[in-house]
file structure_30.cif (mmCIF, C-alpha atoms (C1' of nucleotides))
data_work
loop_
_atom_site.label_atom_id
_atom_site.label_comp_id
_atom_site.auth_asym_id
_atom_site.auth_seq_id
_atom_site.Cartn_x
_atom_site.Cartn_y
_atom_site.Cartn_z
CA MET A 1 0.00 0.00 0.00
CA LEU A 2 1.22 3.43 -0.95
CA THR A 3 0.85 6.70 0.88
CA ILE A 4 -0.56 9.59 -1.07
CA GLY A 5 2.90 11.02 -1.64
CA LYS A 6 4.25 7.80 -3.12
CA LEU A 7 1.20 7.38 -5.27
CA GLY A 8 1.55 10.90 -6.58
CA GLU A 9 5.18 10.32 -7.37
CA ALA A 10 4.44 7.05 -9.14
CA ALA A 11 1.62 8.49 -11.24
CA GLY A 12 3.10 11.91 -11.86
CA VAL A 13 0.25 13.67 -10.07
CA LYS A 14 0.62 16.16 -7.26
CA VAL A 15 -0.68 15.24 -3.84
CA PRO A 16 -3.34 17.98 -3.60
CA THR A 17 -4.59 16.94 -7.01
CA ILE A 18 -5.19 13.41 -5.78
CA ARG A 19 -7.13 14.70 -2.80
CA TYR A 20 -9.05 16.95 -5.18
CA TYR A 21 -9.97 14.00 -7.39
CA GLU A 22 -11.24 12.14 -4.36
CA GLN A 23 -13.21 15.18 -3.25
CA ILE A 24 -15.04 15.45 -6.55
CA GLY A 25 -15.65 11.71 -6.64
CA LEU A 26 -13.32 10.85 -9.50
CA LEU A 27 -11.34 8.60 -7.18
CA PRO A 28 -13.12 6.54 -4.51
CA GLU A 29 -12.49 7.39 -0.89
CA ALA A 30 -9.16 5.90 0.06
CA GLU A 31 -8.59 3.43 2.84
CA ARG A 32 -6.99 4.96 5.89
CA SER A 33 -4.10 3.90 8.08
CA ALA A 34 -4.34 3.78 11.88
CA GLY A 35 -3.11 7.36 11.87
CA ASN A 36 -5.81 8.47 9.38
CA GLN A 37 -3.53 8.69 6.38
CA ARG A 38 -4.75 7.61 2.95
CA LEU A 39 -3.50 4.29 1.61
CA TYR A 40 -3.69 3.16 -1.98
CA GLY A 41 -3.46 -0.19 -3.70
CA ARG A 42 -2.90 -1.18 -7.30
CA LYS A 43 -6.47 -0.48 -8.38
CA ALA A 44 -6.33 3.11 -7.24
CA MET A 45 -2.97 3.45 -8.93
CA GLU A 46 -4.39 2.24 -12.24
CA ARG A 47 -7.40 4.47 -11.98
CA LEU A 48 -5.22 7.50 -11.30
CA ALA A 49 -2.96 6.63 -14.24
CA PHE A 50 -6.04 6.43 -16.45
CA ILE A 51 -7.19 9.84 -15.29
CA ARG A 52 -3.76 11.32 -15.73
CA HIS A 53 -3.41 9.96 -19.21
CA ALA A 54 -6.83 11.18 -20.26
CA ARG A 55 -6.06 14.62 -18.83
CA ASP A 56 -2.82 14.68 -20.82
CA LEU A 57 -4.90 14.04 -23.92
CA GLY A 58 -7.08 17.00 -23.03
CA PHE A 59 -10.23 15.24 -21.87
CA THR A 60 -12.24 17.19 -19.33
CA LEU A 61 -12.85 15.72 -15.91
CA GLU A 62 -16.48 15.28 -16.88
CA ALA A 63 -15.53 13.23 -19.93
CA ILE A 64 -13.13 11.23 -17.81
CA ARG A 65 -15.85 10.55 -15.30
CA ASP A 66 -17.94 9.08 -18.11
CA LEU A 67 -15.04 7.09 -19.53
CA LEU A 68 -14.28 5.65 -16.11
CA SER A 69 -17.84 4.57 -15.51
CA LEU A 70 -17.85 2.99 -18.96
CA SER A 71 -14.66 1.11 -18.23
CA ASP A 72 -16.38 -0.34 -15.19
CA ARG A 73 -18.90 -2.06 -17.51
CA PRO A 74 -16.73 -4.19 -19.81
CA ASP A 75 -19.68 -6.03 -21.37
CA GLN A 76 -21.39 -2.94 -22.74
CA SER A 77 -20.92 -1.52 -26.21
CA CYS A 78 -18.00 0.81 -26.60
CA ALA A 79 -19.97 3.22 -28.77
CA ALA A 80 -20.23 5.75 -25.96
CA ALA A 81 -16.50 5.68 -25.27
CA ASP A 82 -15.86 6.04 -28.95
CA ALA A 83 -18.18 9.02 -29.13
CA ILE A 84 -16.41 10.76 -26.27
CA ALA A 85 -13.05 10.24 -27.92
CA ARG A 86 -14.35 11.47 -31.26
CA ALA A 87 -15.82 14.55 -29.63
CA GLN A 88 -12.47 15.25 -28.03
CA LEU A 89 -10.76 14.82 -31.37
CA ALA A 90 -13.18 17.25 -32.98
CA GLU A 91 -12.54 19.71 -30.19
CA VAL A 92 -8.80 19.46 -30.66
CA GLU A 93 -9.17 19.88 -34.41
CA SER A 94 -11.24 23.00 -34.04
CA ARG A 95 -8.73 24.48 -31.63
CA LEU A 96 -5.96 23.65 -34.02
CA ALA A 97 -7.72 25.46 -36.84
CA ARG A 98 -8.28 28.48 -34.70
CA LEU A 99 -4.76 28.58 -33.33
CA THR A 100 -3.35 28.26 -36.82
CA ALA A 101 -5.27 31.37 -37.87
CA LEU A 102 -4.11 33.21 -34.76
CA LYS A 103 -0.53 32.26 -35.45
CA ALA A 104 -0.72 33.67 -38.97
CA GLU A 105 -2.19 36.91 -37.70
CA LEU A 106 0.36 37.29 -34.93
CA GLU A 107 3.18 36.62 -37.37
CA ARG A 108 1.90 39.26 -39.73
CA MET A 109 1.75 41.68 -36.85
CA VAL A 110 5.18 40.96 -35.51
CA VAL A 111 6.89 40.90 -38.88
CA GLN A 112 5.47 44.24 -39.86
CA CYS A 113 6.64 45.97 -36.72
CA ALA A 114 9.54 48.17 -37.74
CA GLY A 115 10.71 48.74 -34.19
CA GLY A 116 10.16 52.48 -34.01
CA LYS A 117 7.91 54.46 -31.70
CA ILE A 118 4.59 53.33 -30.31
CA ALA A 119 2.81 55.85 -32.50
CA ASP A 120 3.94 53.90 -35.58
CA CYS A 121 3.77 50.47 -33.99
CA ARG A 122 2.08 47.97 -36.18
CA VAL A 123 1.21 45.76 -33.21
CA ILE A 124 -0.74 48.48 -31.46
CA GLU A 125 -2.24 49.65 -34.71
CA VAL A 126 -3.51 46.24 -35.75
CA LEU A 127 -4.94 45.55 -32.32
CA GLY A 128 -6.81 48.82 -32.50
CA ASP A 129 -8.27 48.15 -35.91
CA HIS A 130 -9.54 44.76 -36.82
CA SER A 131 -9.96 45.68 -40.49
CA LEU A 132 -6.17 45.50 -40.79
CA CYS A 133 -6.40 41.77 -40.25
CA ALA A 134 -6.16 39.20 -42.99
CA THR A 135 -8.53 36.70 -41.44
CA ASP A 136 -11.75 37.09 -39.59
CA HIS A 137 -11.02 35.70 -36.18
CA ARG A 138 -13.83 37.53 -34.46
CA HIS A 139 -16.76 35.95 -32.72
CA PRO A 140 -15.15 32.59 -32.07
CA GLU A 141 -17.85 29.96 -31.94
CA SER A 142 -16.04 27.97 -29.30
CA GLU A 143 -13.66 28.90 -26.56
CA LEU A 144 -9.98 28.35 -26.91
CA ALA A 145 -9.76 26.54 -23.62
CA GLN A 146 -6.98 24.03 -23.75
CA MET B 1 -23.23 58.44 -25.97
CA LEU B 2 -24.02 54.75 -25.83
CA THR B 3 -25.58 52.74 -23.06
CA ILE B 4 -23.74 49.64 -21.95
CA GLY B 5 -26.04 47.43 -23.97
CA LYS B 6 -25.47 49.34 -27.19
CA LEU B 7 -21.74 49.42 -26.58
CA GLY B 8 -21.67 45.69 -26.01
CA GLU B 9 -23.62 45.10 -29.17
CA ALA B 10 -21.36 47.37 -31.19
CA ALA B 11 -18.17 45.81 -29.89
CA GLY B 12 -19.34 42.22 -29.69
CA VAL B 13 -18.82 42.03 -25.94
CA LYS B 14 -21.39 40.94 -23.40
CA VAL B 15 -22.68 43.49 -20.94
CA PRO B 16 -21.42 41.75 -17.78
CA THR B 17 -18.02 41.47 -19.41
CA ILE B 18 -17.85 45.23 -19.88
CA ARG B 19 -18.73 45.77 -16.25
CA TYR B 20 -16.10 43.19 -15.34
CA TYR B 21 -13.45 45.03 -17.36
CA GLU B 22 -14.33 48.22 -15.55
CA GLN B 23 -14.17 46.45 -12.21
CA ILE B 24 -10.66 45.17 -12.81
CA GLY B 25 -9.54 48.54 -14.14
CA LEU B 26 -9.11 47.58 -17.77
CA LEU B 27 -11.73 50.13 -18.73
CA PRO B 28 -11.95 53.46 -16.88
CA GLU B 29 -15.03 54.12 -14.78
CA ALA B 30 -17.77 55.15 -17.13
CA GLU B 31 -19.65 58.39 -16.96
CA ARG B 32 -23.12 58.04 -15.54
CA SER B 33 -26.48 59.34 -16.63
CA ALA B 34 -28.87 61.11 -14.28
CA GLY B 35 -30.34 57.71 -13.50
CA ASN B 36 -26.93 56.19 -12.69
CA GLN B 37 -26.55 54.27 -15.91
CA ARG B 38 -23.19 53.99 -17.62
CA LEU B 39 -22.61 56.09 -20.74
CA TYR B 40 -19.81 55.57 -23.23
CA GLY B 41 -18.25 57.74 -25.90
CA ARG B 42 -16.03 56.97 -28.85
CA LYS B 43 -12.87 56.64 -26.78
CA ALA B 44 -14.35 53.92 -24.61
CA MET B 45 -15.65 52.21 -27.70
CA GLU B 46 -12.17 52.15 -29.24
CA ARG B 47 -10.59 50.90 -26.06
CA LEU B 48 -13.08 48.09 -25.78
CA ALA B 49 -12.56 47.14 -29.43
CA PHE B 50 -8.83 47.00 -28.78
CA ILE B 51 -9.36 44.72 -25.78
CA ARG B 52 -11.76 42.53 -27.69
CA HIS B 53 -9.41 42.19 -30.61
CA ALA B 54 -6.46 41.35 -28.41
CA ARG B 55 -8.56 38.77 -26.54
CA ASP B 56 -9.53 37.23 -29.86
CA LEU B 57 -5.84 36.88 -30.59
CA GLY B 58 -5.39 35.09 -27.29
CA PHE B 59 -3.62 37.78 -25.26
CA THR B 60 -4.25 37.57 -21.54
CA LEU B 61 -5.88 40.46 -19.75
CA GLU B 62 -2.55 41.16 -18.10
CA ALA B 63 -0.81 41.44 -21.47
CA ILE B 64 -3.64 43.64 -22.71
CA ARG B 65 -3.28 45.86 -19.69
CA ASP B 66 0.36 46.38 -20.64
CA LEU B 67 -0.41 46.93 -24.29
CA LEU B 68 -3.03 49.52 -23.41
CA SER B 69 -0.72 51.45 -21.16
CA LEU B 70 1.90 51.37 -23.91
CA SER B 71 -0.56 52.68 -26.45
CA ASP B 72 -1.17 55.61 -24.14
CA ARG B 73 2.49 56.64 -24.60
CA PRO B 74 2.87 57.09 -28.36
CA ASP B 75 6.36 58.61 -28.14
CA GLN B 76 7.98 55.64 -26.44
CA SER B 77 9.76 52.80 -28.19
CA CYS B 78 7.56 49.99 -29.34
CA ALA B 79 10.04 47.32 -28.27
CA ALA B 80 7.89 46.36 -25.30
CA ALA B 81 4.77 45.97 -27.40
CA ASP B 82 6.74 43.93 -29.87
CA ALA B 83 8.03 41.68 -27.09
CA ILE B 84 4.52 41.05 -25.79
CA ALA B 85 3.32 40.12 -29.27
CA ARG B 86 6.29 37.84 -29.84
CA ALA B 87 5.72 36.12 -26.52
CA GLN B 88 2.12 35.54 -27.50
CA LEU B 89 3.22 34.14 -30.83
CA ALA B 90 5.61 31.77 -29.09
CA GLU B 91 2.83 30.70 -26.76
CA VAL B 92 0.51 30.00 -29.66
CA GLU B 93 3.22 28.06 -31.46
CA SER B 94 3.88 25.86 -28.47
CA ARG B 95 0.20 25.15 -28.06
CA LEU B 96 -0.03 24.30 -31.71
CA ALA B 97 2.77 21.80 -31.42
CA ARG B 98 1.17 20.19 -28.41
CA LEU B 99 -2.29 20.05 -29.92
CA THR B 100 -0.90 18.52 -33.08
CA ALA B 101 0.59 15.68 -31.06
CA LEU B 102 -2.68 15.23 -29.18
CA LYS B 103 -4.60 15.11 -32.41
CA ALA B 104 -2.39 12.35 -33.78
CA GLU B 105 -2.80 10.30 -30.62
CA LEU B 106 -6.54 10.76 -30.53
CA GLU B 107 -6.81 9.78 -34.17
CA ARG B 108 -4.84 6.62 -33.58
CA MET B 109 -7.13 5.80 -30.70
CA VAL B 110 -10.35 6.44 -32.53
CA VAL B 111 -9.31 4.70 -35.74
CA GLN B 112 -8.30 1.55 -33.92
CA CYS B 113 -11.57 1.23 -32.10
CA ALA B 114 -13.41 -1.63 -33.75
CA GLY B 115 -16.74 -0.78 -32.16
CA GLY B 116 -17.22 -3.90 -30.08
CA LYS B 117 -17.56 -4.23 -26.34
CA ILE B 118 -15.91 -2.05 -23.74
CA ALA B 119 -13.67 -4.94 -22.78
CA ASP B 120 -12.04 -4.79 -26.21
CA CYS B 121 -12.29 -1.04 -26.62
CA ARG B 122 -9.10 0.49 -27.85
CA VAL B 123 -10.02 3.89 -26.44
CA ILE B 124 -10.35 2.60 -22.92
CA GLU B 125 -7.32 0.38 -23.31
CA VAL B 126 -5.04 3.13 -24.56
CA LEU B 127 -6.16 5.49 -21.83
CA GLY B 128 -5.35 2.84 -19.28
CA ASP B 129 -1.90 2.15 -20.62
CA HIS B 130 0.30 4.96 -21.75
CA SER B 131 2.85 2.60 -23.26
CA LEU B 132 0.37 1.98 -26.08
CA CYS B 133 0.92 5.56 -27.22
CA ALA B 134 3.10 6.56 -30.13
CA THR B 135 4.26 9.85 -28.67
CA ASP B 136 5.26 10.85 -25.21
CA HIS B 137 2.74 13.46 -24.25
CA ARG B 138 3.23 13.08 -20.53
CA HIS B 139 4.43 15.79 -18.19
CA PRO B 140 3.49 18.71 -20.39
CA GLU B 141 5.91 21.56 -19.79
CA SER B 142 3.24 24.18 -20.24
CA GLU B 143 -0.47 24.20 -19.72
CA LEU B 144 -2.82 23.83 -22.60
CA ALA B 145 -4.77 26.91 -21.63
CA GLN B 146 -6.27 28.55 -24.68
"C1'" DC C 1 -49.58 55.25 -17.24
"C1'" DT C 2 -48.36 50.88 -17.49
"C1'" DT C 3 -45.59 47.30 -18.84
"C1'" DG C 4 -41.50 45.01 -20.30
"C1'" DA C 5 -36.82 45.46 -21.42
"C1'" DA C 6 -32.57 47.05 -19.95
"C1'" DG C 7 -29.79 48.74 -16.30
"C1'" DC C 8 -27.91 48.69 -11.41
"C1'" DT C 9 -25.19 46.23 -7.34
"C1'" DA C 10 -23.55 42.35 -5.07
"C1'" DT C 11 -22.56 37.68 -4.65
"C1'" DA C 12 -21.59 33.08 -6.13
"C1'" DG C 13 -20.47 29.69 -9.66
"C1'" DT C 14 -17.54 27.75 -13.51
"C1'" DT C 15 -12.81 24.44 -14.52
"C1'" DG C 16 -8.96 22.20 -12.74
"C1'" DC C 17 -6.32 22.72 -9.94
"C1'" DT C 18 -2.68 25.32 -6.46
"C1'" DA C 19 -1.30 27.54 -2.17
"C1'" DG C 20 -1.66 28.53 2.52
"C1'" DA C 21 -2.57 27.86 7.68
"C1'" DG C 22 -2.34 25.18 11.64
"C1'" DA C 23 -2.52 20.49 13.60
"C1'" DC C 24 -1.26 15.53 13.72
"C1'" DA C 25 1.73 11.29 11.96
"C1'" DT C 26 5.77 9.08 10.63
"C1'" DT C 27 10.57 8.35 9.95
"C1'" DA C 28 15.71 8.96 10.60
"C1'" DA C 29 19.37 10.59 13.27
"C1'" DG C 30 21.64 11.30 17.49
"C1'" DC D 1 14.08 8.03 23.75
"C1'" DT D 2 13.96 12.39 22.10
"C1'" DT D 3 14.13 15.57 18.67
"C1'" DA D 4 13.90 17.36 14.11
"C1'" DA D 5 12.43 17.00 9.60
"C1'" DT D 6 9.37 15.66 6.63
"C1'" DG D 7 4.75 14.00 5.29
"C1'" DT D 8 -0.04 14.11 5.92
"C1'" DC D 9 -4.49 15.86 7.64
"C1'" DT D 10 -8.55 19.36 7.08
"C1'" DC D 11 -10.21 23.62 5.66
"C1'" DT D 12 -10.23 27.77 3.24
"C1'" DA D 13 -9.05 30.88 -0.31
"C1'" DG D 14 -7.04 32.00 -4.77
"C1'" DC D 15 -6.06 31.81 -10.06
"C1'" DA D 16 -8.17 33.37 -15.18
"C1'" DA D 17 -11.81 35.31 -17.37
"C1'" DC D 18 -15.74 35.42 -17.26
"C1'" DT D 19 -21.06 33.87 -16.48
"C1'" DA D 20 -25.21 33.55 -13.82
"C1'" DT D 21 -28.38 34.74 -10.30
"C1'" DA D 22 -31.23 37.74 -7.21
"C1'" DG D 23 -33.53 41.69 -6.21
"C1'" DC D 24 -33.78 46.14 -7.16
"C1'" DT D 25 -34.30 50.78 -10.27
"C1'" DT D 26 -34.68 53.21 -14.62
"C1'" DC D 27 -36.03 53.85 -19.23
"C1'" DA D 28 -38.67 53.70 -23.63
"C1'" DA D 29 -42.78 52.31 -26.15
"C1'" DG D 30 -47.62 52.03 -26.61
#
call {"tool": "encode", "arguments": {"input": "structure_30.cif", "output": "structure tokens"}}
result
Amino acid sequence: MLTIGKLGEAAGVKVPTIRYYEQIGLLPEAERSAGNQRLYGRKAMERLAFIRHARDLGFTLEAIRDLLSLSDRPDQSCAAADAIARAQLAEVESRLARLTALKAELERMVVQCAGGKIADCRVIEVLGDHSLCATDHRHPESELAQ
Amino acid sequence: MLTIGKLGEAAGVKVPTIRYYEQIGLLPEAERSAGNQRLYGRKAMERLAFIRHARDLGFTLEAIRDLLSLSDRPDQSCAAADAIARAQLAEVESRLARLTALKAELERMVVQCAGGKIADCRVIEVLGDHSLCATDHRHPESELAQ
DNA sequence: CTTGAAGCTATAGTTGCTAGAGACATTAAG
DNA sequence: CTTAATGTCTCTAGCAACTATAGCTTCAAG
């Protein structure tokens, strides 16, 4: 059995994060030692690794909650898990598209800056006047989060 | 003079967001009508458009605060503004790189899923075992934010 | 003159943690 | 066996950048 610190080290997750996951019900309540410290076995370790990996791939905690409850029912169809993964892929693709446009616009801005005074600064000028932009990046339909 | 609702409409910013910007000092305190309602002129409109545009390009409010105070000093060198824009570009580029890797991994996952039972689901399996991944996307050096 | 939309303030919620305070537990050295 | 250092406990508050709610006042149209 591992203490919370050892578990965190093993899984690459900070200790308060583990307690947070327990608090929001993503990890079950841990067993406790005589001195009231959390103790974890292999199952908890695997579950935490799953969460960590999914987080690394950008899944939200809500999606992970669903994926975990699916993985607890091995006999069911995997359509739901597939759908969650596809949704995440779509999300990542839309962020990629958006970021690519932003990158182009920022490059334009930075390249054009001649390095003089603020009054002539292309950066400030472009920010102040959207019509100077090449692409229409206004009114983003989805957030950029992640 | 515009009311807050008209200003928000014109600039594509929600009303509570405008009040929020005023609260954190990004917009100056607005003039008030006899009935205590905020009134905005062209200067406020331009400032809000600047903020909105910079937000669309992914600048943080802190960066925008700096850019705004720079734009108030037209005779100074634009090196600082340039540096902020370049930092933002670098940030966007690093996110792009990361998201590109995520996309590849998610695609692999989704493509391999044969659509059977959870027990055989590639999505669940890959999430549970990082060694099944092609790339090492663990321990991200920077957050994915935005 | 009434009604409904828009405005006001203040507070709390969102996501996914992270940081701090102050108290108890465990371990390693002396 | 004691002490010191670390680890853990709970609880609360903070981060970005808003968004939502409640309960009020003001404004504009009919």
call {"tool": "calpha_fit_and_write", "arguments": {"input": "structure_30.cif", "fixed": "chain B", "moving": "chain A", "output": "compact mmCIF listing (two decimals) with C-alpha atoms, in the coordinates of the input"}}
result
# COMPACT_ATOMS: atom_id res chain seq x y z
CA MET A 1 -23.12 58.71 -25.87
CA LEU A 2 -23.97 55.05 -25.75
CA THR A 3 -25.54 53.04 -22.98
CA ILE A 4 -23.74 49.91 -21.93
CA GLY A 5 -26.09 47.75 -23.97
CA LYS A 6 -25.47 49.69 -27.17
CA LEU A 7 -21.76 49.70 -26.58
CA GLY A 8 -21.76 45.96 -26.06
CA GLU A 9 -23.72 45.45 -29.22
CA ALA A 10 -21.40 47.70 -31.21
CA ALA A 11 -18.23 46.04 -29.93
CA GLY A 12 -19.49 42.48 -29.80
CA VAL A 13 -18.98 42.25 -26.05
CA LYS A 14 -21.59 41.21 -23.53
CA VAL A 15 -22.81 43.75 -21.02
CA PRO A 16 -21.56 41.94 -17.89
CA THR A 17 -18.18 41.61 -19.53
CA ILE A 18 -17.94 45.36 -19.94
CA ARG A 19 -18.80 45.89 -16.29
CA TYR A 20 -16.23 43.23 -15.43
CA TYR A 21 -13.54 45.04 -17.42
CA GLU A 22 -14.34 48.24 -15.58
CA GLN A 23 -14.23 46.41 -12.26
CA ILE A 24 -10.75 45.08 -12.87
CA GLY A 25 -9.57 48.45 -14.15
CA LEU A 26 -9.15 47.53 -17.80
CA LEU A 27 -11.72 50.15 -18.74
CA PRO A 28 -11.88 53.46 -16.85
CA GLU A 29 -14.93 54.16 -14.75
CA ALA A 30 -17.68 55.26 -17.08
CA GLU A 31 -19.52 58.54 -16.89
CA ARG A 32 -23.00 58.22 -15.48
CA SER A 33 -26.35 59.57 -16.58
CA ALA A 34 -28.73 61.37 -14.21
CA GLY A 35 -30.25 57.98 -13.48
CA ASN A 36 -26.84 56.43 -12.66
CA GLN A 37 -26.48 54.50 -15.88
CA ARG A 38 -23.10 54.19 -17.58
CA LEU A 39 -22.48 56.29 -20.67
CA TYR A 40 -19.72 55.76 -23.18
CA GLY A 41 -18.12 57.92 -25.82
CA ARG A 42 -15.91 57.12 -28.78
CA LYS A 43 -12.75 56.71 -26.71
CA ALA A 44 -14.27 54.01 -24.55
CA MET A 45 -15.59 52.35 -27.67
CA GLU A 46 -12.12 52.24 -29.22
CA ARG A 47 -10.55 50.95 -26.06
CA LEU A 48 -13.12 48.17 -25.80
CA ALA A 49 -12.59 47.24 -29.45
CA PHE A 50 -8.86 47.03 -28.78
CA ILE A 51 -9.44 44.75 -25.82
CA ARG A 52 -11.86 42.61 -27.74
CA HIS A 53 -9.52 42.23 -30.65
CA ALA A 54 -6.58 41.34 -28.44
CA ARG A 55 -8.72 38.78 -26.60
CA ASP A 56 -9.71 37.26 -29.94
CA LEU A 57 -6.01 36.86 -30.66
CA GLY A 58 -5.59 35.05 -27.37
CA PHE A 59 -3.80 37.70 -25.33
CA THR A 60 -4.43 37.46 -21.61
CA LEU A 61 -6.04 40.36 -19.80
CA GLU A 62 -2.71 41.01 -18.13
CA ALA A 63 -0.96 41.31 -21.48
CA ILE A 64 -3.74 43.54 -22.71
CA ARG A 65 -3.37 45.74 -19.68
CA ASP A 66 0.29 46.21 -20.59
CA LEU A 67 -0.47 46.80 -24.26
CA LEU A 68 -3.06 49.41 -23.37
CA SER A 69 -0.72 51.29 -21.09
CA LEU A 70 1.90 51.18 -23.83
CA SER A 71 -0.53 52.56 -26.36
CA ASP A 72 -1.09 55.48 -24.03
CA ARG A 73 2.59 56.46 -24.47
CA PRO A 74 2.98 56.93 -28.23
CA ASP A 75 6.47 58.42 -27.98
CA GLN A 76 8.06 55.42 -26.29
CA SER A 77 9.81 52.58 -28.05
CA CYS A 78 7.56 49.81 -29.23
CA ALA A 79 10.00 47.11 -28.14
CA ALA A 80 7.83 46.15 -25.18
CA ALA A 81 4.71 45.82 -27.31
CA ASP A 82 6.67 43.78 -29.78
CA ALA A 83 7.91 41.51 -27.02
CA ILE A 84 4.40 40.89 -25.75
CA ALA A 85 3.21 40.00 -29.22
CA ARG A 86 6.17 37.71 -29.80
CA ALA A 87 5.56 35.98 -26.49
CA GLN A 88 1.96 35.43 -27.48
CA LEU A 89 3.07 34.04 -30.81
CA ALA A 90 5.45 31.65 -29.08
CA GLU A 91 2.66 30.58 -26.77
CA VAL A 92 0.35 29.89 -29.68
CA GLU A 93 3.07 27.96 -31.48
CA SER A 94 3.73 25.76 -28.50
CA ARG A 95 0.04 25.03 -28.10
CA LEU A 96 -0.17 24.21 -31.76
CA ALA A 97 2.66 21.71 -31.46
CA ARG A 98 1.07 20.09 -28.48
CA LEU A 99 -2.39 19.94 -30.00
CA THR A 100 -0.98 18.44 -33.16
CA ALA A 101 0.53 15.60 -31.13
CA LEU A 102 -2.73 15.12 -29.26
CA LYS A 103 -4.65 14.98 -32.50
CA ALA A 104 -2.39 12.24 -33.85
CA GLU A 105 -2.79 10.22 -30.68
CA LEU A 106 -6.55 10.61 -30.58
CA GLU A 107 -6.80 9.61 -34.23
CA ARG A 108 -4.77 6.50 -33.62
CA MET A 109 -7.04 5.65 -30.74
CA VAL A 110 -10.27 6.22 -32.57
CA VAL A 111 -9.21 4.49 -35.75
CA GLN A 112 -8.13 1.39 -33.92
CA CYS A 113 -11.40 1.01 -32.08
CA ALA A 114 -13.19 -1.92 -33.68
CA GLY A 115 -16.52 -1.09 -32.10
CA GLY A 116 -16.93 -4.20 -29.99
CA LYS A 117 -17.24 -4.52 -26.23
CA ILE A 118 -15.60 -2.30 -23.66
CA ALA A 119 -13.31 -5.14 -22.66
CA ASP A 120 -11.68 -4.97 -26.11
CA CYS A 121 -12.01 -1.23 -26.55
CA ARG A 122 -8.87 0.34 -27.81
CA VAL A 123 -9.85 3.74 -26.42
CA ILE A 124 -10.13 2.47 -22.88
CA GLU A 125 -7.08 0.31 -23.29
CA VAL A 126 -4.85 3.10 -24.55
CA LEU A 127 -6.02 5.47 -21.84
CA GLY A 128 -5.15 2.86 -19.26
CA ASP A 129 -1.69 2.24 -20.60
CA HIS A 130 0.45 5.07 -21.77
CA SER A 131 3.06 2.74 -23.27
CA LEU A 132 0.59 2.06 -26.08
CA CYS A 133 1.06 5.62 -27.24
CA ALA A 134 3.21 6.65 -30.16
CA THR A 135 4.31 9.97 -28.73
CA ASP A 136 5.29 11.03 -25.29
CA HIS A 137 2.72 13.60 -24.36
CA ARG A 138 3.23 13.27 -20.64
CA HIS A 139 4.44 15.97 -18.32
CA PRO A 140 3.46 18.91 -20.49
CA GLU A 141 5.78 21.79 -19.75
CA SER A 142 3.06 24.35 -20.27
CA GLU A 143 -0.66 24.27 -19.83
CA LEU A 144 -2.95 23.91 -22.76
CA ALA A 145 -5.00 26.90 -21.74
CA GLN A 146 -6.45 28.53 -24.79
call {"tool": "residues_near_point", "arguments": {"input": "structure_30.cif", "point": "(7.2, 9.1, 7.1)", "cutoff": "8 Å", "atoms": "only C-alpha atoms (C1' of nucleotides)", "output": "list in words"}}
result
DA25, DT26 and DT27 of chain C; DT6 and DG7 of chain D
call {"tool": "residues_around", "arguments": {"input": "structure_30.cif", "residues": "Ala63 (chain B)", "least_positions_apart": "4", "cutoff": "9 Å", "atoms": "only C-alpha atoms (C1' of nucleotides)", "output": "PDB file with C-alpha atoms, in the frame of the given file"}}
result
ATOM      1  CA  ALA B  54      -6.460  41.350 -28.410  1.00  0.00           C
ATOM      2  CA  PHE B  59      -3.620  37.780 -25.260  1.00  0.00           C
ATOM      3  CA  LEU B  67      -0.410  46.930 -24.290  1.00  0.00           C
ATOM      4  CA  LEU B  68      -3.030  49.520 -23.410  1.00  0.00           C
ATOM      5  CA  ILE B  84       4.520  41.050 -25.790  1.00  0.00           C
ATOM      6  CA  ALA B  85       3.320  40.120 -29.270  1.00  0.00           C
ATOM      7  CA  GLN B  88       2.120  35.540 -27.500  1.00  0.00           C
TER       8      GLN B  88
END
call {"tool": "closest_residue", "arguments": {"input": "structure_30.cif", "among": "A:Ala97, A:Met1, A:Ala10, A:Ala49", "to": "Gln37 (chain A)", "atoms": "all atoms listed in the file"}}
result
A:Met1
call {"tool": "resolve_selection", "arguments": {"input": "structure_30.cif", "expression": "the PyMOL selection byres ((chain C) within 9 of (chain A))", "output": "list in words"}}
result
DT15, DG16, DC17, DT18, DC24 and DA25 of chain C
call {"tool": "atom_distance", "arguments": {"input": "structure_30.cif", "atom1": "CA of Glu9 (chain A)", "atom2": "CA of Met45 (chain A)"}}
result
10.8 Å
call {"tool": "atom_distance", "arguments": {"input": "structure_30.cif", "atom1": "C1' of DC8 (chain C)", "atom2": "C1' of DC18 (chain D)"}}
result
18.9 Å
call {"tool": "resolve_selection", "arguments": {"input": "structure_30.cif", "expression": "the PyMOL selection byres ((chain C and resi 22) around 12)", "output": "ChimeraX atom specification"}}
result
/C:20-21,23-24 /D:9-12
call {"tool": "resolve_selection", "arguments": {"input": "structure_30.cif", "expression": "the PyMOL selection byres ((chain B and resi 119) around 9)", "output": "tab-separated table (two decimals) with C-alpha atoms, keeping the file's coordinate frame"}}
result
chain	number	residue	atom	x	y	z
A	71	SER	CA	-14.66	1.11	-18.23
A	73	ARG	CA	-18.90	-2.06	-17.51
A	74	PRO	CA	-16.73	-4.19	-19.81
A	75	ASP	CA	-19.68	-6.03	-21.37
A	76	GLN	CA	-21.39	-2.94	-22.74
A	77	SER	CA	-20.92	-1.52	-26.21
A	78	CYS	CA	-18.00	0.81	-26.60
B	116	GLY	CA	-17.22	-3.90	-30.08
B	117	LYS	CA	-17.56	-4.23	-26.34
B	118	ILE	CA	-15.91	-2.05	-23.74
B	120	ASP	CA	-12.04	-4.79	-26.21
B	121	CYS	CA	-12.29	-1.04	-26.62
B	122	ARG	CA	-9.10	0.49	-27.85
B	124	ILE	CA	-10.35	2.60	-22.92
B	125	GLU	CA	-7.32	0.38	-23.31
